[in-house]
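K.L.:
Structure supplied as final.pdb; contents: PDB, C-alpha atoms and all ligand atoms.
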ATOM      1  CA  MET A   1      -0.251  18.243  13.518
ATOM      2  CA  ILE A   2      -1.205  14.617  14.135
ATOM      3  CA  ALA A   3      -0.167  13.489  17.624
ATOM      4  CA  GLY A   4       3.026  11.458  17.393
ATOM      5  CA  GLU A   5       3.588  12.327  13.736
ATOM      6  CA  PRO A   6       6.862  14.175  13.131
ATOM      7  CA  ASP A   7       6.664  17.193  10.852
ATOM      8  CA  SER A   8       8.362  17.040   7.469
ATOM      9  CA  ARG A   9      11.430  19.234   7.046
ATOM     10  CA  PHE A  10      10.613  19.754   3.382
ATOM     11  CA  MET A  11       7.414  21.734   3.238
ATOM     12  CA  GLN A  12       9.118  23.823   0.572
ATOM     13  CA  LEU A  13      11.243  22.406  -2.232
ATOM     14  CA  ALA A  14      13.887  25.017  -1.435
ATOM     15  CA  GLU A  15      14.442  23.297   1.923
ATOM     16  CA  PHE A  16      15.032  19.996   0.140
ATOM     17  CA  TYR A  17      17.538  21.603  -2.214
ATOM     18  CA  GLN A  18      19.325  23.292   0.691
ATOM     19  CA  SER A  19      19.655  19.998   2.568
ATOM     20  CA  LEU A  20      21.260  18.379  -0.467
ATOM     21  CA  GLN A  21      23.570  21.288  -1.144
ATOM     22  CA  ALA A  22      24.689  21.304   2.492
ATOM     23  CA  LEU A  23      25.776  17.680   1.954
ATOM     24  CA  GLY A  24      27.878  18.687  -1.047
ATOM     25  CA  ALA A  25      25.408  17.827  -3.815
ATOM     26  CA  LYS A  26      25.908  19.676  -7.110
ATOM     27  CA  SER A  27      23.015  20.539  -9.404
ATOM     28  CA  ALA A  28      23.446  17.291 -11.371
ATOM     29  CA  HIS A  29      23.186  15.308  -8.133
ATOM     30  CA  VAL A  30      20.092  17.225  -7.047
ATOM     31  CA  ASP A  31      18.574  16.646 -10.465
ATOM     32  CA  ARG A  32      19.249  12.874 -10.291
ATOM     33  CA  ILE A  33      17.610  12.620  -6.863
ATOM     34  CA  LEU A  34      14.658  14.771  -7.902
ATOM     35  CA  ARG A  35      14.024  12.565 -10.937
ATOM     36  CA  ALA A  36      14.094   9.454  -8.785
ATOM     37  CA  TRP A  37      11.609  10.984  -6.324
ATOM     38  CA  LEU A  38       9.237  12.241  -8.994
ATOM     39  CA  GLN A  39       9.276   8.830 -10.687
ATOM     40  CA  ALA A  40       8.430   7.216  -7.319
ATOM     41  CA  LYS A  41      11.707   5.273  -7.386
ATOM     42  CA  PRO A  42      14.181   4.851  -4.509
ATOM     43  CA  LEU A  43      16.339   7.986  -4.261
ATOM     44  CA  ASP A  44      19.450   5.846  -4.911
ATOM     45  CA  ALA A  45      17.909   4.245  -7.997
ATOM     46  CA  GLY A  46      20.659   5.494 -10.316
ATOM     47  CA  THR A  47      20.331   5.091 -14.056
ATOM     48  CA  ARG A  48      20.842   2.220 -16.477
ATOM     49  CA  ARG A  49      24.303   3.548 -17.286
ATOM     50  CA  GLN A  50      25.424   4.696 -13.890
ATOM     51  CA  ALA A  51      24.735   3.345 -10.407
ATOM     52  CA  SER A  52      24.303   5.987  -7.740
ATOM     53  CA  GLU A  53      27.406   4.802  -5.842
ATOM     54  CA  ASN A  54      29.472   5.879  -8.852
ATOM     55  CA  PHE A  55      27.803   9.271  -9.050
ATOM     56  CA  LEU A  56      26.450  10.671  -5.790
ATOM     57  CA  PRO A  57      28.859  12.004  -3.112
ATOM     58  CA  LEU A  58      29.255   9.681  -0.124
ATOM     59  CA  ALA A  59      27.696  12.191   2.299
ATOM     60  CA  VAL A  60      24.627  12.439   0.090
ATOM     61  CA  ARG A  61      24.321   8.666  -0.234
ATOM     62  CA  GLU A  62      24.564   8.227   3.507
ATOM     63  CA  ALA A  63      21.802  10.795   4.007
ATOM     64  CA  LEU A  64      19.400   9.226   1.487
ATOM     65  CA  PRO A  65      17.442   7.155   4.051
ATOM     66  CA  GLU A  66      16.749  10.266   6.136
ATOM     67  CA  LEU A  67      15.911  12.304   3.029
ATOM     68  CA  THR A  68      13.539   9.551   1.910
ATOM     69  CA  ALA A  69      11.838   9.525   5.315
ATOM     70  CA  ASN A  70      11.375  13.288   5.265
ATOM     71  CA  LEU A  71       9.901  13.259   1.766
ATOM     72  CA  GLY A  72       7.561  10.477   2.860
ATOM     73  CA  LYS A  73       6.216  12.670   5.636
ATOM     74  CA  LEU A  74       5.096  15.314   3.155
ATOM     75  CA  ALA A  75       1.960  13.373   2.256
ATOM     76  CA  ARG A  76       0.479   9.968   3.048
ATOM     77  CA  VAL A  77      -2.773   8.292   2.085
ATOM     78  CA  ILE A  78      -5.152   7.875   5.022
ATOM     79  CA  ALA A  79      -8.217   6.725   3.070
ATOM     80  CA  GLU A  80      -8.506   5.144  -0.371
ATOM     81  CA  HIS A  81     -11.795   4.608  -2.148
ATOM     82  CA  PRO A  82     -11.116   2.396  -5.144
ATOM     83  CA  GLY A  83     -13.440   2.196  -8.101
ATOM     84  CA  GLU A  84     -13.547   0.440 -11.428
ATOM     85  CA  ASP A  85     -11.708   3.151 -13.305
ATOM     86  CA  GLY A  86      -9.897   5.126 -10.615
ATOM     87  CA  ALA A  87      -9.683   5.858  -6.928
ATOM     88  CA  ARG A  88     -10.203   8.794  -4.655
ATOM     89  CA  LEU A  89      -7.426   9.312  -2.123
ATOM     90  CA  LEU A  90      -7.650  11.285   1.102
ATOM     91  CA  VAL A  91      -4.136  12.514   1.746
ATOM     92  CA  ALA A  92      -2.803  13.761   5.092
ATOM     93  CA  LEU A  93      -0.063  16.391   4.957
ATOM     94  CA  ALA A  94       2.664  16.752   7.576
ATOM     95  CA  ASP A  95       0.701  19.252   9.674
ATOM     96  CA  GLY A  96      -2.375  17.006   9.784
ATOM     97  CA  GLN A  97      -4.362  18.927   7.170
ATOM     98  CA  THR A  98      -5.966  16.793   4.488
ATOM     99  CA  VAL A  99      -6.424  17.142   0.736
ATOM    100  CA  GLU A 100      -8.005  14.970  -1.937
ATOM    101  CA  SER A 101      -6.332  13.399  -4.970
ATOM    102  CA  VAL A 102      -8.130  11.343  -7.598
ATOM    103  CA  LEU A 103      -6.663   8.605  -9.796
ATOM    104  CA  LEU A 104      -8.314   9.117 -13.166
ATOM    105  CA  PRO A 105      -8.767   6.770 -16.090
ATOM    106  CA  ARG A 106      -5.980   6.488 -18.685
ATOM    107  CA  GLY A 107      -3.081   7.381 -16.387
ATOM    108  CA  GLY A 108      -4.351  10.675 -15.013
ATOM    109  CA  VAL A 109      -4.284  12.080 -11.528
ATOM    110  CA  CYS A 110      -6.149  15.093 -10.207
ATOM    111  CA  ILE A 111      -4.378  16.901  -7.367
ATOM    112  CA  SER A 112      -5.227  19.661  -4.892
ATOM    113  CA  SER A 113      -3.446  23.002  -4.797
ATOM    114  CA  GLN A 114      -5.096  24.539  -1.720
ATOM    115  CA  ILE A 115      -6.720  23.394   1.511
ATOM    116  CA  GLY A 116     -10.139  24.906   1.140
ATOM    117  CA  CYS A 117     -10.746  27.641  -1.418
ATOM    118  CA  ALA A 118     -11.544  31.353  -1.331
ATOM    119  CA  VAL A 119     -13.584  31.361  -4.552
ATOM    120  CA  GLY A 120     -16.597  30.076  -2.637
ATOM    121  CA  CYS A 121     -18.548  28.546  -5.512
ATOM    122  CA  THR A 122     -22.033  27.999  -4.187
ATOM    123  CA  PHE A 123     -22.153  24.361  -5.362
ATOM    124  CA  CYS A 124     -18.763  23.252  -3.976
ATOM    125  CA  MET A 125     -18.025  21.700  -0.583
ATOM    126  CA  THR A 126     -14.402  22.886  -0.741
ATOM    127  CA  GLY A 127     -15.605  26.442  -1.329
ATOM    128  CA  LYS A 128     -17.810  26.190   1.761
ATOM    129  CA  GLN A 129     -14.703  25.655   3.891
ATOM    130  CA  GLY A 130     -13.015  28.894   2.877
ATOM    131  CA  LEU A 131      -9.251  29.020   2.359
ATOM    132  CA  LEU A 132      -7.372  27.313   5.206
ATOM    133  CA  ARG A 133      -3.869  27.329   3.732
ATOM    134  CA  GLN A 134      -1.872  26.981   0.544
ATOM    135  CA  VAL A 135      -0.517  23.614  -0.554
ATOM    136  CA  SER A 136       3.218  23.849  -1.261
ATOM    137  CA  SER A 137       4.756  22.715  -4.538
ATOM    138  CA  ALA A 138       6.495  19.908  -2.626
ATOM    139  CA  GLU A 139       3.112  18.739  -1.307
ATOM    140  CA  MET A 140       1.639  18.825  -4.825
ATOM    141  CA  ILE A 141       4.546  16.749  -6.156
ATOM    142  CA  ALA A 142       4.096  14.366  -3.215
ATOM    143  CA  GLN A 143       0.472  13.784  -4.304
ATOM    144  CA  VAL A 144       1.730  12.756  -7.744
ATOM    145  CA  VAL A 145       4.366  10.486  -6.174
ATOM    146  CA  LEU A 146       1.656   8.777  -4.086
ATOM    147  CA  ALA A 147      -0.310   8.218  -7.278
ATOM    148  CA  ARG A 148       2.766   6.846  -9.071
ATOM    149  CA  GLN A 149       3.335   4.442  -6.186
ATOM    150  CA  ARG A 150      -0.033   2.955  -7.171
ATOM    151  CA  ARG A 151       0.153   3.049 -10.972
ATOM    152  CA  ALA A 152       1.705   4.849 -13.931
ATOM    153  CA  VAL A 153       0.838   8.552 -14.217
ATOM    154  CA  ARG A 154       1.064  10.305 -17.591
ATOM    155  CA  ARG A 155      -1.258  13.235 -16.947
ATOM    156  CA  VAL A 156      -1.679  15.609 -14.001
ATOM    157  CA  VAL A 157      -4.649  17.945 -13.699
ATOM    158  CA  PHE A 158      -4.840  20.748 -11.174
ATOM    159  CA  MET A 159      -8.587  20.452 -10.645
ATOM    160  CA  GLY A 160      -8.741  19.177  -7.096
ATOM    161  CA  MET A 161      -9.339  21.265  -4.014
ATOM    162  CA  GLY A 162      -8.479  24.921  -4.492
ATOM    163  CA  GLU A 163      -8.110  27.490  -7.243
ATOM    164  CA  PRO A 164      -4.575  27.102  -8.693
ATOM    165  CA  SER A 165      -4.336  30.768  -9.719
ATOM    166  CA  HIS A 166      -4.598  31.724  -6.040
ATOM    167  CA  ASN A 167      -1.417  29.770  -5.316
ATOM    168  CA  LEU A 168       0.258  30.594  -8.570
ATOM    169  CA  ASP A 169       3.969  30.533  -7.718
ATOM    170  CA  GLN A 170       3.756  27.149  -6.005
ATOM    171  CA  VAL A 171       1.582  25.630  -8.740
ATOM    172  CA  LEU A 172       3.908  26.877 -11.476
ATOM    173  CA  GLU A 173       6.923  25.486  -9.608
ATOM    174  CA  ALA A 174       5.195  22.092  -9.391
ATOM    175  CA  ILE A 175       4.216  22.207 -13.085
ATOM    176  CA  ASN A 176       7.759  23.068 -14.091
ATOM    177  CA  LEU A 177       9.165  20.108 -12.152
ATOM    178  CA  LEU A 178       6.503  17.672 -13.370
ATOM    179  CA  GLY A 179       7.164  18.723 -16.967
ATOM    180  CA  THR A 180      10.933  18.242 -16.598
ATOM    181  CA  ALA A 181      12.157  15.849 -13.900
ATOM    182  CA  GLY A 182       8.665  14.302 -13.716
ATOM    183  CA  GLY A 183       8.703  13.379 -17.407
ATOM    184  CA  ILE A 184       5.102  14.434 -18.037
ATOM    185  CA  GLY A 185       4.242  15.901 -21.430
ATOM    186  CA  HIS A 186       3.527  19.604 -21.143
ATOM    187  CA  LYS A 187       0.045  19.325 -22.637
ATOM    188  CA  ASN A 188      -0.681  16.509 -20.205
ATOM    189  CA  LEU A 189      -0.391  19.029 -17.406
ATOM    190  CA  VAL A 190      -3.733  20.807 -17.054
ATOM    191  CA  PHE A 191      -4.113  24.083 -15.200
ATOM    192  CA  SER A 192      -7.784  24.583 -14.346
ATOM    193  CA  THR A 193      -8.972  28.017 -13.319
ATOM    194  CA  VAL A 194     -12.083  30.109 -12.916
ATOM    195  CA  GLY A 195     -10.274  32.676 -15.037
ATOM    196  CA  ASP A 196      -7.876  34.795 -12.973
ATOM    197  CA  LEU A 197      -6.147  37.270 -15.291
ATOM    198  CA  ARG A 198      -2.728  36.643 -13.707
ATOM    199  CA  VAL A 199      -2.785  33.169 -15.231
ATOM    200  CA  PHE A 200      -2.918  34.559 -18.764
ATOM    201  CA  GLU A 201       0.089  36.776 -18.037
ATOM    202  CA  ARG A 202       2.238  34.178 -16.321
ATOM    203  CA  LEU A 203       1.640  30.968 -18.257
ATOM    204  CA  PRO A 204       3.201  32.120 -21.558
ATOM    205  CA  GLN A 205       6.368  33.065 -19.657
ATOM    206  CA  GLN A 206       6.892  29.566 -18.293
ATOM    207  CA  ARG A 207       9.429  27.007 -19.439
ATOM    208  CA  VAL A 208       6.722  24.360 -19.132
ATOM    209  CA  ILE A 209       3.420  25.679 -20.485
ATOM    210  CA  PRO A 210       0.489  23.509 -19.411
ATOM    211  CA  ALA A 211      -2.873  23.112 -21.084
ATOM    212  CA  LEU A 212      -5.420  25.565 -19.759
ATOM    213  CA  ALA A 213      -8.971  24.677 -18.710
ATOM    214  CA  ILE A 214     -11.353  27.483 -17.799
ATOM    215  CA  SER A 215     -14.443  26.772 -15.712
ATOM    216  CA  LEU A 216     -17.256  28.951 -17.044
ATOM    217  CA  HIS A 217     -20.238  27.250 -15.397
ATOM    218  CA  SER A 218     -22.507  29.749 -17.146
ATOM    219  CA  THR A 219     -22.285  32.188 -20.046
ATOM    220  CA  ASP A 220     -24.785  34.411 -18.223
ATOM    221  CA  ALA A 221     -22.635  36.926 -16.311
ATOM    222  CA  GLY A 222     -25.184  37.415 -13.542
ATOM    223  CA  LEU A 223     -25.695  33.724 -12.985
ATOM    224  CA  ARG A 224     -21.937  33.146 -13.076
ATOM    225  CA  ARG A 225     -21.421  35.809 -10.391
ATOM    226  CA  HIS A 226     -24.024  34.041  -8.292
ATOM    227  CA  LEU A 227     -22.467  30.610  -8.784
ATOM    228  CA  LEU A 228     -18.854  31.769  -8.378
ATOM    229  CA  PRO A 229     -19.156  34.715  -5.969
ATOM    230  CA  ASN A 230     -15.410  35.162  -5.639
ATOM    231  CA  ALA A 231     -14.668  34.490  -9.098
ATOM    232  CA  ASP A 232     -19.140  24.280  -6.124
ATOM    233  CA  ASN A 233     -20.785  20.016  -7.281
ATOM    234  CA  ALA A 234     -24.076  18.695  -6.086
ATOM    235  CA  THR A 235     -23.976  18.076  -2.339
ATOM    236  CA  ALA A 236     -26.647  16.957   0.055
ATOM    237  CA  SER A 237     -26.499  20.206   2.019
ATOM    238  CA  LEU A 238     -26.560  22.513  -0.995
ATOM    239  CA  ASP A 239     -29.356  23.427  -3.368
ATOM    240  CA  TYR A 240     -27.726  22.130  -6.547
ATOM    241  CA  ARG A 241     -28.222  18.848  -8.313
ATOM    242  CA  ARG A 242     -26.430  17.381 -11.261
ATOM    243  CA  PRO A 243     -28.555  17.474 -14.428
ATOM    244  CA  SER A 244     -29.807  14.140 -15.762
ATOM    245  CA  VAL A 245     -27.864  12.299 -18.463
ATOM    246  CA  ALA A 246     -30.782  12.954 -20.845
ATOM    247  CA  ALA A 247     -30.611  16.722 -20.182
ATOM    248  CA  LEU A 248     -26.825  16.735 -20.649
ATOM    249  CA  THR A 249     -27.094  14.772 -23.887
ATOM    250  CA  ALA A 250     -29.825  17.073 -25.209
ATOM    251  CA  MET A 251     -27.737  20.157 -24.412
ATOM    252  CA  ALA A 252     -24.669  18.686 -26.122
ATOM    253  CA  ARG A 253     -26.756  17.789 -29.213
ATOM    254  CA  HIS A 254     -28.262  21.285 -29.277
ATOM    255  CA  LEU A 255     -24.806  22.857 -29.281
ATOM    256  CA  HIS A 256     -23.346  20.337 -31.704
ATOM    257  CA  ASP A 257     -26.189  20.907 -34.220
ATOM    258  CA  ARG A 258     -25.224  24.587 -34.207
ATOM    259  CA  GLY A 259     -21.577  23.893 -34.992
ATOM    260  CA  ILE A 260     -20.234  24.215 -31.459
ATOM    261  CA  ARG A 261     -17.732  21.516 -30.574
ATOM    262  CA  THR A 262     -18.928  20.040 -27.299
ATOM    263  CA  THR A 263     -17.714  17.292 -25.007
ATOM    264  CA  VAL A 264     -19.518  16.089 -21.919
ATOM    265  CA  ARG A 265     -17.202  15.497 -19.026
ATOM    266  CA  ASN A 266     -17.493  11.937 -17.807
ATOM    267  CA  SER A 267     -17.811  11.831 -14.013
ATOM    268  CA  VAL A 268     -17.964   8.384 -12.508
ATOM    269  CA  GLY A 269     -19.496   7.059  -9.287
ATOM    270  CA  GLN A 270     -21.941   9.774  -8.288
ATOM    271  CA  ASP A 271     -23.271   7.404  -5.633
ATOM    272  CA  VAL A 272     -20.501   7.809  -3.054
ATOM    273  CA  ASP A 273     -20.577  11.591  -2.549
ATOM    274  CA  GLY A 274     -17.084  11.803  -3.982
ATOM    275  CA  GLY A 275     -17.259  15.342  -5.360
ATOM    276  CA  CYS A 276     -14.483  17.853  -4.643
ATOM    277  CA  GLY A 277     -14.227  18.440  -0.890
ATOM    278  CA  GLN A 278     -16.837  15.880   0.127
ATOM    279  CA  LEU A 279     -14.373  13.155   1.133
ATOM    280  CA  ARG A 280     -12.470  15.648   3.281
ATOM    281  CA  ALA A 281     -15.713  16.938   4.805
ATOM    282  CA  ARG A 282     -16.786  13.411   5.687
ATOM    283  CA  HIS A 283     -13.351  12.789   7.230
ATOM    284  CA  LEU A 284     -13.672  15.917   9.359
ATOM    285  CA  ASP A 285     -17.090  14.913  10.671
ATOM    286  CA  GLY A 286     -15.825  11.393  11.366
ATOM    287  CA  SER A 287     -17.952   9.550   8.825
ATOM    288  CA  VAL A 288     -15.181   8.527   6.440
ATOM    289  CA  ALA A 289     -14.333   4.837   6.261
ATOM    290  CA  PRO A 290     -10.772   3.627   6.948
ATOM    291  CA  PRO A 291      -8.532   2.827   3.962
ATOM    292  CA  ARG A 292      -9.845   0.163   1.566
ATOM    293  CA  GLN A 293     -12.779  -0.823   3.766
ATOM    294  CA  ARG A 294     -15.415   1.123   1.898
ATOM    295  CA  ARG A 295     -15.735   0.185  -1.720
ATOM    296  CA  GLY A 296     -17.693   1.809  -4.447
ATOM    297  CA  VAL A 297     -17.592   3.621  -7.704
ATOM    298  CA  LEU A 298     -16.235   7.152  -7.599
ATOM    299  CA  VAL A 299     -17.179  10.576  -8.736
ATOM    300  CA  GLN A 300     -14.282  12.417 -10.281
ATOM    301  CA  CYS A 301     -13.372  15.919  -9.257
ATOM    302  CA  VAL A 302     -12.470  16.447 -12.877
ATOM    303  CA  GLY A 303     -14.176  15.459 -16.031
ATOM    304  CA  GLU A 304     -12.759  13.271 -18.684
ATOM    305  CA  PRO A 305     -13.444  14.167 -22.281
ATOM    306  CA  ASN A 306     -15.413  11.363 -23.814
ATOM    307  CA  SER A 307     -13.308  11.412 -26.936
TER
HETATM  308  S1  LIG B 401     -15.291  24.678  -7.565
HETATM  309 FE1  LIG B 401     -13.041  24.975  -7.524
HETATM  310  S2  LIG B 401     -12.825  27.223  -7.550
HETATM  311 FE2  LIG B 401     -14.939  26.844  -6.925
HETATM  312  S3  LIG B 401     -14.852  26.823  -4.663
HETATM  313 FE3  LIG B 401     -14.628  24.672  -5.384
HETATM  314  S4  LIG B 401     -12.396  24.347  -5.445
HETATM  315 FE4  LIG B 401     -12.754  26.586  -5.405
END
What does this structure look like when you write it as structure tokens?
Ligand code: SF4
P.N.:
Amino acid sequence: MIAGEPDSRFMQLAEFYQSLQALGAKSAHVDRILRAWLQAKPLDAGTRRQASENFLPLAVREALPELTANLGKLARVIAEHPGEDGARLLVALADGQTVESVLLPRGGVCISSQIGCAVGCTFCMTGKQGLLRQVSSAEMIAQVVLARQRRAVRRVVFMGMGEPSHNLDQVLEAINLLGTAGGIGHKNLVFSTVGDLRVFERLPQQRVIPALAISLHSTDAGLRRHLLPNADNATASLDYRRPSVAALTAMARHLHDRGIRTTVRNSVGQDVDGGCGQLRARHLDGSVAPPRQRRGVLVQCVGEPNS
């Protein structure tokens, strides 16, 4: 908890729903308010056909400023590193923990689903931290809302800090909301996993079925076990380095010549140590710059297909 910062009452979406229902809101009212929040609009935004004063109960309308304040406490940007084609955001949650979100090219945002990660990939700074706590669905949605306050968002990828399959219920709740009230196309929601079997069972049962991205890292089982010990990105303190562009291009050509469709993920701004978990690590050791004072190109926590 940050000194002087009040906790949010809505760590879980269920608490938000309960607050509205206690004020007399019916499901249609809750849905209207949810849509406004997920679209980063004022909660009393209403629609083109119907102003909120003709729709929402008076008690709900009177409570909207407090509801807005509580939602705002879920997540706030404490450092923003803008680049030419995106920005990396360090986001503080209500209890003072921090996660990273990345604004991606072409209307994408990469969000975090856990604080730390239990997978412990040997090349990942987030994995080095171990799992500290789960990120709630409300906190994941809040990351998207922060992104939408900065620009349009048409695509959400769960490739930030954490392994989404280890926080499956909360991630699926967030995906369901983003694909409905959030207005994001289902295939523009990307669930990235190291390959937990529970994902393959649960995803087909969902109302909103996201695209699935599986991180192999190696087709050699032994090497993969070494790299992903519990089923990491080049960092100064670790023994891994990103291959050169020439090596990546040669590998892609080798695969392509053998009929294997291959895309090279386009990470930007390798020069600012912006890989997954590095911004948070720098914040924890006190070396992170305050918002908008440090400028530079960014490395993405998620790749962008070149196509
Ligand atoms: S690369 Fe992903 S799965 Fe592996 S430790 Fe880092 S956050 Fe976890």
K.L.:
Name the residues that the PyMOL selection byres (((not hetatm)) within 8 of (chain B and resi 401)) picks from the file above, as a PyMOL selection string, using the file's chain letters and numbers.
P.N.:
chain A and resi 116-128+159-163+193-194+228+231-233+276-277
K.L.:
Hey, can you check how far atom CA of Gly72 of chain A sits from atom CA of Asp85 of chain A?
P.N.:
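Going from atom CA of Gly72 of chain A over to atom CA of Asp85 of chain A covers 26.2 Å.
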K.L.:
Do a neighbour search on Val135 of chain A at 8 Å with only C-alpha atoms, toss out local chain neighbours closer than 2 positions, and write the hits as a list in words.
P.N.:
Ser112, Ser113, Gln114, Ile115, Arg133, Ser137, Glu139, Met140, Asn167 and Gln170 of chain A
K.L.:
Using only C-alpha atoms, what residues lie at most 12 Å away from (14.4, 7.5, -8.9) (file coordinates), given as JSON, numbers by chain?
P.N.:
{"A": [29, 30, 31, 32, 33, 34, 35, 36, 37, 38, 39, 40, 41, 42, 43, 44, 45, 46, 47, 48, 51, 52, 64, 68, 145, 148, 149, 181, 182, 183]}
K.L.:
Rounded to one decimal in Å, what is the spacing between atom CA of Lys73 of chain A and atom CA of His283 of chain A?
P.N.:
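Separating atom CA of Lys73 of chain A from atom CA of His283 of chain A is a distance of 19.6 Å.
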K.L.:
Provide the atom CA of Ser101 of chain A to atom CA of Leu89 of chain A distance in Å, to one decimal place.
P.N.:
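If I compute the distance from atom CA of Ser101 of chain A to atom CA of Leu89 of chain A, I get 5.1 Å.
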K.L.:
Once the PyMOL selection byres (((chain A and resi 18-26) around 10) and not hetatm) is applied to the coordinates I shared, what remains selected? I want it as a list in words.
P.N.:
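Applied to this file, the PyMOL selection byres (((chain A and resi 18-26) around 10) and not hetatm) returns Arg9, Phe10, Leu13, Ala14, Glu15, Phe16, Tyr17, Ser27, Ala28, His29, Val30, Asp31, Ile33, Leu56, Pro57, Leu58, Ala59, Val60, Arg61, Glu62, Ala63, Leu64 and Leu67 of chain A.
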K.L.:
Dump C-alpha atoms for the selected residues as a PDB file, in the coordinates of the input?
P.N.:
ATOM      1  CA  ARG A   9      11.430  19.234   7.046  1.00  0.00           C
ATOM      2  CA  PHE A  10      10.613  19.754   3.382  1.00  0.00           C
ATOM      3  CA  LEU A  13      11.243  22.406  -2.232  1.00  0.00           C
ATOM      4  CA  ALA A  14      13.887  25.017  -1.435  1.00  0.00           C
ATOM      5  CA  GLU A  15      14.442  23.297   1.923  1.00  0.00           C
ATOM      6  CA  PHE A  16      15.032  19.996   0.140  1.00  0.00           C
ATOM      7  CA  TYR A  17      17.538  21.603  -2.214  1.00  0.00           C
ATOM      8  CA  SER A  27      23.015  20.539  -9.404  1.00  0.00           C
ATOM      9  CA  ALA A  28      23.446  17.291 -11.371  1.00  0.00           C
ATOM     10  CA  HIS A  29      23.186  15.308  -8.133  1.00  0.00           C
ATOM     11  CA  VAL A  30      20.092  17.225  -7.047  1.00  0.00           C
ATOM     12  CA  ASP A  31      18.574  16.646 -10.465  1.00  0.00           C
ATOM     13  CA  ILE A  33      17.610  12.620  -6.863  1.00  0.00           C
ATOM     14  CA  LEU A  56      26.450  10.671  -5.790  1.00  0.00           C
ATOM     15  CA  PRO A  57      28.859  12.004  -3.112  1.00  0.00           C
ATOM     16  CA  LEU A  58      29.255   9.681  -0.124  1.00  0.00           C
ATOM     17  CA  ALA A  59      27.696  12.191   2.299  1.00  0.00           C
ATOM     18  CA  VAL A  60      24.627  12.439   0.090  1.00  0.00           C
ATOM     19  CA  ARG A  61      24.321   8.666  -0.234  1.00  0.00           C
ATOM     20  CA  GLU A  62      24.564   8.227   3.507  1.00  0.00           C
ATOM     21  CA  ALA A  63      21.802  10.795   4.007  1.00  0.00           C
ATOM     22  CA  LEU A  64      19.400   9.226   1.487  1.00  0.00           C
ATOM     23  CA  LEU A  67      15.911  12.304   3.029  1.00  0.00           C
TER      24      LEU A  67
END
K.L.:
A:Met11, A:Gly222, A:Arg207, A:Ala147: which is nearest Gln134 of chain A, counting all atoms listed in the file?
P.N.:
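Closest to Gln134 of chain A of all the choices is A:Met11.
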K.L.:
Around all listed atoms of segment 117-124 of chain A, padded 3 Å per side, what centre and edge lengths does the axis-aligned box have in Å to one decimal, as AutoDock Vina command-line options?
P.N.:
--center_x -16.4 --center_y 27.3 --center_z -3.4 --size_x 17.4 --size_y 14.1 --size_z 10.2
K.L.:
Given the choices A:Leu93, A:Ile111, A:Val264, A:Ala174, which gets closest to Leu248 of chain A if the distance is worked out from only C-alpha atoms?
P.N.:
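Looking at the shortest contact to Leu248 of chain A, the residue is A:Val264.
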K.L.:
Pick from A:Ile260, A:Ala252, A:Ile214, A:Val77: nearest to Leu197 of chain A, with all atoms listed in the file counted?
P.N.:
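Of A:Ile260, A:Ala252, A:Ile214, A:Val77, the one nearest Leu197 of chain A, counting all atoms listed in the file, is A:Ile214.
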K.L.:
For Leu104 of chain A, work out the shell of residues within 8 Å, counting all atoms listed in the file and skipping chain neighbours fewer than 6 positions away, then give it as a list in words.
P.N.:
Asp85, Gly86, Ala87, Cys110 and Gln300 of chain A
K.L.:
Which one is closest to Leu172 of chain A: A:Thr249, A:Gln206, A:Asn188, A:Asn54? Count only C-alpha atoms.
P.N.:
A:Gln206
K.L.:
Give as a list in words each residue that has an atom at most 10 Å from (2.2, 29.4, -9.1) in the file, counting all atoms listed in the file.
P.N.:
Ser113, Ser136, Ser137, Pro164, Ser165, His166, Asn167, Leu168, Asp169, Gln170, Val171, Leu172, Glu173, Ala174, Ile175, Asn176, Arg198, Val199, Arg202 and Leu203 of chain A
K.L.:
Looking at A:Ala92, A:Leu177, A:Ile184, A:Val208, which one is nearest to Gln143 of chain A, with distances taken over all atoms listed in the file?
P.N.:
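Ranking A:Ala92, A:Leu177, A:Ile184, A:Val208 by distance to Gln143 of chain A, first place goes to A:Ala92.
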K.L.:
Would you output segment 100-107 of chain A from that structure, restricted to N, CA and C atoms, as a short mmCIF file (atom, residue, chain, number, x, y, z; two decimals), in the first residue's frame?
P.N.:
data_model
loop_
_atom_site.label_atom_id
_atom_site.label_comp_id
_atom_site.auth_asym_id
_atom_site.auth_seq_id
_atom_site.Cartn_x
_atom_site.Cartn_y
_atom_site.Cartn_z
N GLU A 100 3.45 -4.04 -15.62
CA GLU A 100 3.79 -3.33 -16.86
C GLU A 100 2.71 -3.56 -17.92
N SER A 101 2.39 -2.51 -18.64
CA SER A 101 1.53 -2.60 -19.83
C SER A 101 2.30 -1.95 -20.97
N VAL A 102 2.05 -2.42 -22.18
CA VAL A 102 2.76 -1.85 -23.33
C VAL A 102 1.76 -1.48 -24.41
N LEU A 103 1.81 -0.22 -24.86
CA LEU A 103 1.00 0.21 -26.01
C LEU A 103 1.74 -0.24 -27.26
N LEU A 104 1.07 -1.05 -28.06
CA LEU A 104 1.70 -1.65 -29.24
C LEU A 104 1.27 -0.92 -30.50
N PRO A 105 1.99 -1.12 -31.56
CA PRO A 105 1.57 -0.51 -32.83
C PRO A 105 0.21 -1.03 -33.26
N ARG A 106 -0.47 -0.27 -34.10
CA ARG A 106 -1.75 -0.64 -34.71
C ARG A 106 -2.82 -0.97 -33.67
N GLY A 107 -2.90 -0.14 -32.62
CA GLY A 107 -4.03 -0.24 -31.69
C GLY A 107 -3.98 -1.40 -30.74
#
